[in-house]
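Notes follow the structure.
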Amino acid sequence: MTTTMIFAGSGGQGIQFSGKQTAKTAMHQGKNVTFLPSYGPEMRGGTSNCTVVISDGEIGSPSVSSPDIAVVMNLPSFDKFEPKVKAGGLLVCDSTMIDKKTARTDIDVLSVPASALANDNGLSGFANVILLGAIIKKTGLFTLDEFLGLLIGGIPEAKAALREKNEKALKLGYEF
Amino acid sequence: MKTVYERPKALSDVPLHYCPGCTHGIIHKLVAQTIDELGIEDRTVGIASVGCSVFAYNYFECDMIQAAHGRAPAVATGVKRTHPDTVVFTYQGDGDLAAIGTAETVHIATRGENVTIIFVNNAIYGMTGGQMAPTTLPGQVTTTSPYGRDRKIQGSPVRICEMLSTLDGVALAARGAVDSPKNINATKKLIRKAFENQLEGKGLSIVEILSTCPTNWGMTPKAALEWLRENMMTYYPLGVFKDGEAVR
Amino acid sequence: MKGNEAIAEAAINAGCLYYFGYPITPQTEISEYMAKRMPKVGGLCLQAESEISAINMTMGAAASGARAMTSSSSPGISLKSEGISYIAGCDLPCLIVNVQRGGPGLGGIQPSQSDYYQATRGVGHGDLRLIVLAPSSVQEMASLTAEAFDLADTYRMPAMLLADGALGQMMEPVDFSLFEKREVPEKEWAANGHGGKRKKNIVNSLFIDPQELENSVMKRYERYKIVEQKEVKYEEYMTDDADIVLVAFGITARICKSAIAAVRKDGIKAGLLRPITLWPFPKKEIGALADRAKAFLTVEMNMGQMVDDVRLAVNGKKPVDLYTRTGGMIPSVDEVEEKIRAMAASL
């Protein structure tokens with residue numbers, strides 16, 4: 001069983017963080033995993049994307065042209081990756097940032113107004129985490145507890161506010 | 001019978017390849033004497049460069065490494081940083097140190113590496129047969145400045161010690177000459193000081209030594225010494241440009 | 001862990017306490033990791049004023065007997081080529097890492113394999129070889145780094161880890177204990193002060209007398225011959241019954257594996273030989289496959305460089321086809337799949 005995921009959006013939206021956290025959680029499940037980021041000037045404010053492959057077996061290519069799951073957080077990323085999602089796959093959108101709808105009928109769509117939810121709940125900058133919560137619920141790739149444990153565990157205890165916000169955002173998405 | 005003079009132990013008992021009248025031999029001897037006096041041959045590593053002194057690895061009794069053209073300061077850094085107990089010196093000519101290796105020279109000084117540089121300035125490329133050096137004087141004829149060095153075309157000679165003396169990493173920047181017994185003795189003191197600085201951990205010490213190249217200058221050894229005094233010393237004044245401890 | 005960081009940590013684990021570098025994308029994480037870790041393990045990470053200086057500092061460290069390394073990406077390796085030649089000419093062991101990006105010139109910063117020729121043919125002037133290791137996972141970034149030091153010490157020659165930007169930036173789990181540790185010889189030749197106990201050591205690559213120089217090169221090539229006999233490393237994947245044998249290294253080999261798995265589902269018998277050492281190249285093994293397989297396909301991220309070595313190894317016995325992307329483009333699994341299917345159709 002292999003799951004391929006692409007996360008895409010603008011630099012600063014936490015795209016790389018989302019990918020890394022997903023890869024890390026899969027690794028803790030004992031899965032084989034690769035995380036391939038875009039890098040260079042792209043990291044600094046332009047478009048940002050990363051590819052995560054999770055598998056029970058050996059992982060061949062870490063780069064993926066048609067992912068099982070595409071998570072897009074802005075319009076250019078929607079335009080780029082929406083056509084590439086594998087038939088039967090899942091497209092996850094931050095619908096606050098993307099006013100388009102897919103015309104494809106062969107894929108499943110999870111549309112969450114993550115940025116709006118973040119702003120309304122004092123969680124500005126945590127739209128990516130809200131989306132992660134929604135993805136976990138939808139796909140069942142991870143349990144909320146195992147994902148949350150690693151998410152919070154990576155934050156120093158001194159930063160209690162940051163821990164709290166991450167937890168709140170993840171649960172908000174999970175319960176959406 | 002009393003021995004009044006002998007070859008320094010740190011100088012190998014082999015014939016040097018230098019041309020008649022060349023002052024490299026004197027400078028080799030001064031370095032070897034210093035190594036003897038300080039009793040450091042067993043822990044000294046010398047870095048030979050590319051140029052006339054390329055064979056220096058055959059002439060000193062300490063361990064020697066032959067570096068690429070201009071890169072001796074980088075190689076010296078590699079040795080000293082990994083083996084801080086060694087005493088490391090480079091022996092470089094003007095083309096090596098002040099042209100192709102300028103970046104390495106400036107940056108060994110900015111880092112204040114605790115090593116000693118012996119810089120032989122004879123205002124010409126000797127090994128390749130008399131081409132213009134970064135230190136060739138204005139008007140000086142060489143095979144690649146056959147009408148004399150023209151500042152408008154080839155720029156002006158570089159005064160390395162003056163330039164390096166502005167850098168915090170430099171403990172000693174001094175210029176000597178080996179044209180007379182008096183200057184040889186003074187240069188010897190500078191070389192000794194440059195090695196002592198290293199033993200005391202003071203930072204980079206560079207001694208520039210004005211040297212003759214009778215063969216490529218097209219002069220007799222005696223005339224070359226006079227030319228050095230009259231021309232080189234006016235452009236490159238002898239003296240100590242910085243003496244202290246590097247700011248590191 | 002990131003591939004670049006895995007290289008750095010593996011090097012420190014392997015007892016390399018001296019790193020000399022200069023920032024260049026996409027390998028800068030090596031320098032950054034070293035800068036953070038080295039002071040904590042009593043080592044040194046020194047940022048040089050240039051790639052040229054960094055390789056020569058590495059040479060000084062190696063010449064005085066220290067286990068040392070430098071790293072860069074393609075344009076920086078060109079700058080280091082002079083120093084690499086001197087290091088080879090002085091018979092010094094060290095590790096040079098090239099996290100390749102697209103070229104020529106300033107090129108790009110995306111992953112590439114276009115320094116294959118440089119690494120295996122022309123990494124510096126003169127008759128010389130490097131041991132060239134090509135990892136294809138973050139795990140191998142670590143284990144081959146560790147092995148490279150031992151190989152370099154064993155044969156008194158520089159080793160190169162030839163990775164690419166994707167491997168450098170990619171994250172995968174890694175186990176640092178996974179490598180074969182060897183007994184390596186004492187460095188009796190090192191110039192670090194004779195201590196009054198031995199004759200002086202000279203580390204030198206200059207031999208004015210041509211006969212002497214020829215002798216020194218011949219002697220070095222005898223060692224190279226042993227490396228060719230004993231140190232070839234490669235991986236075979238589904239080659240037992242393969243009609244079409246793909247040859248690919250590094251990240252490209254993984255893409256080929258995915259493509260092979262896909263075409264196998266449709267009954268196309270494809271397999272992969274992945275050279276892990278690019279020098280010494282697994283020519284005997286490829287030659288043996290040429291007796292069984294019907295065709296070869298080399299897949300590379302350049303305009304076709306390793307394919308020359310594959311053709312030499314196949315020696316005209318079977319056709320050798322080529323699929324390449326370059327400039328920082330990574331071939332997709334689909335593209336390779338399509339190429340294999342087209343070849344299978346015409347067999």
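Every chain in the structure tokens has a letter given in the order shown (A, B, ...), and although residue numbers restart at 1 in each chain, ligands are simply numbered from 1 in the order shown.
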
Near chain B, meaning an atom within 7 Å, which residues of chain C appear when counting only C-alpha atoms? Write them as a PDB file with N, CA and C atoms, in the first residue's frame.
ATOM      1  N   GLU C  49      37.141  31.319   1.964  1.00  0.00           N
ATOM      2  CA  GLU C  49      36.796  32.477   1.141  1.00  0.00           C
ATOM      3  C   GLU C  49      36.413  32.058  -0.265  1.00  0.00           C
ATOM      4  N   SER C  53      39.881  27.692  -2.024  1.00  0.00           N
ATOM      5  CA  SER C  53      40.535  27.667  -0.728  1.00  0.00           C
ATOM      6  C   SER C  53      40.035  26.482   0.099  1.00  0.00           C
ATOM      7  N   ASN C  56      41.756  23.351  -0.843  1.00  0.00           N
ATOM      8  CA  ASN C  56      43.168  23.354  -0.452  1.00  0.00           C
ATOM      9  C   ASN C  56      43.352  23.253   1.062  1.00  0.00           C
ATOM     10  N   MET C  57      42.396  23.774   1.813  1.00  0.00           N
ATOM     11  CA  MET C  57      42.417  23.555   3.261  1.00  0.00           C
ATOM     12  C   MET C  57      42.220  22.061   3.531  1.00  0.00           C
ATOM     13  N   THR C  58      41.313  21.462   2.785  1.00  0.00           N
ATOM     14  CA  THR C  58      41.087  20.030   2.924  1.00  0.00           C
ATOM     15  C   THR C  58      42.366  19.273   2.592  1.00  0.00           C
ATOM     16  N   MET C  59      43.067  19.753   1.577  1.00  0.00           N
ATOM     17  CA  MET C  59      44.329  19.113   1.215  1.00  0.00           C
ATOM     18  C   MET C  59      45.343  19.222   2.350  1.00  0.00           C
ATOM     19  N   GLY C  60      45.452  20.405   2.946  1.00  0.00           N
ATOM     20  CA  GLY C  60      46.389  20.579   4.057  1.00  0.00           C
ATOM     21  C   GLY C  60      46.050  19.656   5.213  1.00  0.00           C
ATOM     22  N   ALA C  61      44.751  19.572   5.518  1.00  0.00           N
ATOM     23  CA  ALA C  61      44.313  18.700   6.607  1.00  0.00           C
ATOM     24  C   ALA C  61      44.652  17.247   6.282  1.00  0.00           C
ATOM     25  N   SER C  64      48.365  16.408   6.423  1.00  0.00           N
ATOM     26  CA  SER C  64      48.928  16.263   7.762  1.00  0.00           C
ATOM     27  C   SER C  64      48.246  15.131   8.527  1.00  0.00           C
ATOM     28  N   ALA C  66      44.852  14.243   8.846  1.00  0.00           N
ATOM     29  CA  ALA C  66      43.507  14.322   9.423  1.00  0.00           C
ATOM     30  C   ALA C  66      42.473  13.765   8.451  1.00  0.00           C
ATOM     31  N   TYR C  86      45.623  17.944  -7.402  1.00  0.00           N
ATOM     32  CA  TYR C  86      46.791  17.928  -6.516  1.00  0.00           C
ATOM     33  C   TYR C  86      46.642  16.849  -5.443  1.00  0.00           C
ATOM     34  N   ALA C 191      52.498  14.570   6.768  1.00  0.00           N
ATOM     35  CA  ALA C 191      53.429  15.640   7.135  1.00  0.00           C
ATOM     36  C   ALA C 191      52.832  16.408   8.305  1.00  0.00           C
ATOM     37  N   ASN C 192      53.221  15.997   9.514  1.00  0.00           N
ATOM     38  CA  ASN C 192      52.705  16.697  10.695  1.00  0.00           C
ATOM     39  C   ASN C 192      53.788  16.851  11.757  1.00  0.00           C
ATOM     40  N   GLY C 193      55.025  16.905  11.294  1.00  0.00           N
ATOM     41  CA  GLY C 193      56.160  17.049  12.212  1.00  0.00           C
ATOM     42  C   GLY C 193      56.804  15.691  12.440  1.00  0.00           C
ATOM     43  N   HIS C 194      58.101  15.594  12.127  1.00  0.00           N
ATOM     44  CA  HIS C 194      58.724  14.255  12.208  1.00  0.00           C
ATOM     45  C   HIS C 194      59.034  13.848  13.638  1.00  0.00           C
ATOM     46  N   GLY C 195      58.946  14.828  14.559  1.00  0.00           N
ATOM     47  CA  GLY C 195      59.124  14.520  15.969  1.00  0.00           C
ATOM     48  C   GLY C 195      60.491  13.948  16.306  1.00  0.00           C
ATOM     49  N   GLY C 196      61.423  14.072  15.370  1.00  0.00           N
ATOM     50  CA  GLY C 196      62.754  13.523  15.598  1.00  0.00           C
ATOM     51  C   GLY C 196      62.786  12.011  15.552  1.00  0.00           C
ATOM     52  N   LYS C 200      62.091  12.908   7.307  1.00  0.00           N
ATOM     53  CA  LYS C 200      61.016  13.856   6.994  1.00  0.00           C
ATOM     54  C   LYS C 200      60.091  13.294   5.915  1.00  0.00           C
ATOM     55  N   ASN C 201      58.834  13.623   6.024  1.00  0.00           N
ATOM     56  CA  ASN C 201      57.857  13.259   5.001  1.00  0.00           C
ATOM     57  C   ASN C 201      57.656  14.432   4.051  1.00  0.00           C
ATOM     58  N   ILE C 202      57.562  14.103   2.768  1.00  0.00           N
ATOM     59  CA  ILE C 202      57.250  15.134   1.770  1.00  0.00           C
ATOM     60  C   ILE C 202      55.958  14.735   1.071  1.00  0.00           C
ATOM     61  N   VAL C 203      55.006  15.634   1.087  1.00  0.00           N
ATOM     62  CA  VAL C 203      53.762  15.399   0.342  1.00  0.00           C
ATOM     63  C   VAL C 203      53.835  16.258  -0.903  1.00  0.00           C
ATOM     64  N   ASN C 204      53.894  15.626  -2.061  1.00  0.00           N
ATOM     65  CA  ASN C 204      54.264  16.349  -3.258  1.00  0.00           C
ATOM     66  C   ASN C 204      53.714  15.688  -4.506  1.00  0.00           C
TER      67      ASN C 204
END

Skipping near chain neighbours, those fewer than 4 positions away, what residues fall within 7 Å of Leu110 in chain A using only C-alpha atoms, listed as a short mmCIF file (atom, residue, chain, number, x, y, z; two decimals) with C-alpha atoms, in the first residue's frame?
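Written output follows (result.cif):
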data_model
loop_
_atom_site.label_atom_id
_atom_site.label_comp_id
_atom_site.auth_asym_id
_atom_site.auth_seq_id
_atom_site.Cartn_x
_atom_site.Cartn_y
_atom_site.Cartn_z
CA LEU A 91 -8.19 17.04 -3.80
CA VAL A 92 -8.03 19.11 -0.62
CA CYS A 93 -8.60 22.86 -1.00
#

I need the strand (DSSP E) residues of range 3-143 of chain A per DSSP on the backbone, written as a PyMOL selection string. chain A and resi 3-10+32-37+47-55+69-72+90-94+108-112

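Distances to chain A were evaluated for C:Met69, C:Met1, C:Leu297, C:Met343 using only C-alpha atoms, and the minimum falls at C:Met1.
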
Tell me which protein, DNA and RNA residues are within 8 Å of range 28-37 of chain B, counting only C-alpha atoms, leaving out same-chain ones fewer than 4 positions away, and put them as a list in words. Arg7, Pro8, Lys9, Ala10, Leu11, His24, Glu41, Tyr59, Phe60, Lys188, Ile191, Arg192 and Phe195 of chain B

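Summary of the local environment: counting only C-alpha atoms, residues at most 12 Å from Lys165 in chain A, other than itself and those fewer than 6 positions away along its chain, are Ala118, Asn121, Gly122, Leu123, Ser124, Gly125, Phe126, Ala127, Val129, Ile130, Leu148, Leu151, Ile152, Ile155, Lys159, Lys171 and Leu172 of chain A.
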
Can you check which residues of chain C have any atom within 12 Å of chain A? Use only C-alpha atoms and format it as a PyMOL selection string. chain C and resi 1-3+24-29+101+108-111+136-139+165-174+237+250-262+272+328-336

Closest contacts (range 133-181 of chain C/range 120-124 of chain C, max 12 Å, only C-alpha atoms) as a tab-separated table:
residue	atom	partner	partner_atom	distance
C:Leu133	CA	C:Thr120	CA	10.3
C:Ala134	CA	C:Thr120	CA	11.4
C:Pro158	CA	C:Val123	CA	11.1
C:Ala159	CA	C:Thr120	CA	11.0
C:Met160	CA	C:Thr120	CA	9.7
C:Leu161	CA	C:Thr120	CA	11.5
C:Leu162	CA	C:Thr120	CA	10.1

Give me the residues within 9 Å of Gly201 in chain B as a count of residues only, counting only C-alpha atoms and dropping any in the same chain fewer than 4 places off. 5

Within 8 Å of Pro138 in chain B, counting only C-alpha atoms, which residues show up once you throw out same-chain ones fewer than 4 positions away? Write them as an mmCIF file with N, CA and C atoms, in the first residue's frame, please.
data_model
loop_
_atom_site.group_PDB
_atom_site.id
_atom_site.type_symbol
_atom_site.label_atom_id
_atom_site.label_comp_id
_atom_site.auth_asym_id
_atom_site.auth_seq_id
_atom_site.Cartn_x
_atom_site.Cartn_y
_atom_site.Cartn_z
ATOM 1 N N GLY B 148 58.352 48.221 -20.765
ATOM 2 C CA GLY B 148 58.312 48.717 -19.389
ATOM 3 C C GLY B 148 56.891 48.679 -18.870
ATOM 4 N N ARG B 149 56.738 48.380 -17.575
ATOM 5 C CA ARG B 149 55.387 48.317 -17.013
ATOM 6 C C ARG B 149 54.736 49.691 -17.087
ATOM 7 N N ASP B 150 53.603 49.769 -17.743
ATOM 8 C CA ASP B 150 52.878 51.019 -17.914
ATOM 9 C C ASP B 150 51.684 50.994 -16.970
ATOM 10 N N ARG B 151 51.658 51.905 -16.031
ATOM 11 C CA ARG B 151 50.579 51.903 -15.033
ATOM 12 C C ARG B 151 49.209 51.972 -15.681
ATOM 13 N N SER B 156 49.422 49.213 -11.180
ATOM 14 C CA SER B 156 50.569 49.539 -10.329
ATOM 15 C C SER B 156 50.934 48.366 -9.440
ATOM 16 N N PRO B 157 52.181 48.324 -9.022
ATOM 17 C CA PRO B 157 52.630 47.224 -8.149
ATOM 18 C C PRO B 157 51.904 47.244 -6.800
#

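Of note, CA of Gly139 in chain B and CA of Pro20 in chain B are spaced 25.3 Å apart.
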
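The space between CA of Arg163 in chain A and CA of Phe142 in chain A spans 19.3 Å.
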
So which residues touch Ala134 in chain A within 8 Å, counting only C-alpha atoms, skipping near sequence neighbours fewer than 3 positions away, as a VMD selection string? chain A and resid 112 130 to 131 137 to 138 170 173 to 176

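Taking CA of Gly102 in chain C and CA of Met73 in chain A as the two end points, the separation is 29.1 Å.
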